[in-house]
Amino acid sequence: MADLKTLELEPRDLLGKKVETLRKSGLLPVHMYGPDIDSLSLQGDLKLLARLVMEVGTNIPVSVTVKGSDNVNMCFVREIQRHPVTENILHVDFLRVDTSKAVRAEVPIILEGLAPASQRGGTLMQPLQNLIIEALPMDIPVSLEISVAELDDFEKSLYVSDLLIPENITLISSSDDLIARVAPPRIEEEEIVASTEEDEMNEGDVGDTSEESSDSEEGEDN
């Protein structure tokens, strides 16, 4: 996993609509909660928190301390509230976890290398962006990588079962889920469809000819 990020927060007195005053002064309202603690209303530097959230996402633990307390809290970002128009961060929730107990997390899947089929005009598609796993908080990887070098034609695909999953991680997502494939260029798709339709028409013509021939023979017999 990546180097552990640390964060110091302060107790928060302003609640409800009054938190807008915090944001105007460069502070962001935060909640910390967990199975063994009461929910804490906290605050922290807005710019620092915005940068931290971008770096850790929801699958990297953060060591959080609260000013005035010696407790070190291992937390994950669990919810980020944003302004509907500006998308500025309005509020962050941190979930405190027990480092000795496994938790579920979403880990991004990174495609590495170049897919040979994409050099033939195809488009690399990645339907599955994240993998759901279960592991101890400190064992959760930043990401999981898979090479697309094997995608050398439009018939091949990569699935979750093709990933190398570390032994200390339990896979929750289905191993049959599609990760990546190279879609053929549209012109080629149209040619394939046209060829299929033409073959079907030819098969129909053969059937019609057989029926006409049969009818003709019956007429001669009469």
# chains A, B, ... in the order shown; residues from 1 in each chain; ligands from 1
>>> residues_around(residues="Leu22 in chain A", least_positions_apart="3", cutoff="10 Å", atoms="only C-alpha atoms", output="list in words")
Arg12, Leu14, Leu15, Lys18, Val19, Ser25, Gly26, Leu27, Leu28, Pro29, Gln43, Gly44, Asp45 and Leu46 of chain A
>>> residues_around(residues="range 131-136 of chain A", least_positions_apart="5", cutoff="7 Å", atoms="only C-alpha atoms", output="ChimeraX atom specification")
/A:99-109,168-173
>>> select_by_dssp(residues="range 16-59 of chain A", states="strand (DSSP E or B)", output="ChimeraX atom specification")
/A:27-34,37-45
>>> write_last_selection(atoms="C-alpha atoms", output="short mmCIF file (atom, residue, chain, number, x, y, z; two decimals), in the first residue's frame")
data_model
loop_
_atom_site.label_atom_id
_atom_site.label_comp_id
_atom_site.auth_asym_id
_atom_site.auth_seq_id
_atom_site.Cartn_x
_atom_site.Cartn_y
_atom_site.Cartn_z
CA LEU A 27 -12.40 25.25 7.07
CA LEU A 28 -14.37 22.15 6.14
CA PRO A 29 -16.90 20.35 8.38
CA VAL A 30 -16.07 16.70 9.03
CA HIS A 31 -17.75 13.78 10.79
CA MET A 32 -15.89 10.79 12.19
CA TYR A 33 -17.82 7.70 13.19
CA GLY A 34 -17.24 4.01 13.76
CA ILE A 37 -16.92 5.49 19.04
CA ASP A 38 -19.53 8.20 19.24
CA SER A 39 -19.92 10.33 16.13
CA LEU A 40 -17.55 13.29 16.34
CA SER A 41 -18.19 16.71 14.77
CA LEU A 42 -14.82 17.97 13.54
CA GLN A 43 -13.28 20.51 11.19
CA GLY A 44 -10.11 20.81 9.15
CA ASP A 45 -8.30 22.92 6.58
#
>>> residues_around(residues="Gly57 in chain A", least_positions_apart="2", cutoff="10 Å", atoms="only C-alpha atoms", output="PyMOL selection string")
chain A and resi 52-55+59-61+76-80+106-108+142
>>> residues_around(residues="range 3-6 of chain A", least_positions_apart="3", cutoff="8 Å", atoms="only C-alpha atoms", output="list in words")
Pro61, Val62, Ser63, Val64 and Thr65 of chain A
>>> residues_around(residues="Gly121 in chain A", least_positions_apart="2", cutoff="9 Å", atoms="only C-alpha atoms", output="list of chain:residue names")
A:Ala117, A:Ser118, A:Gln119, A:Thr123, A:Ala183, A:Pro184, A:Pro185
>>> closest_residue(among="A:Asp176, A:Glu8, A:Asp13, A:Glu20", to="Asn71 in chain A", atoms="only C-alpha atoms")
A:Glu8
>>> residues_around(residues="Ile146 in chain A", least_positions_apart="4", cutoff="10 Å", atoms="only C-alpha atoms", output="PyMOL selection string")
chain A and resi 109-113+158-160+162-164+179-180
>>> select_by_dssp(residues="range 89-195 of chain A", states="alpha helix (DSSP H)", output="list in words")
Arg186, Ile187, Glu188, Glu189, Glu190, Glu191, Ile192, Val193, Ala194 and Ser195 of chain A
>>> atom_distance(atom1="CA of Ala50 in chain A", atom2="CA of Pro84 in chain A")
16.2 Å
>>> atom_distance(atom1="CA of Asp70 in chain A", atom2="CA of Leu9 in chain A")
12.2 Å
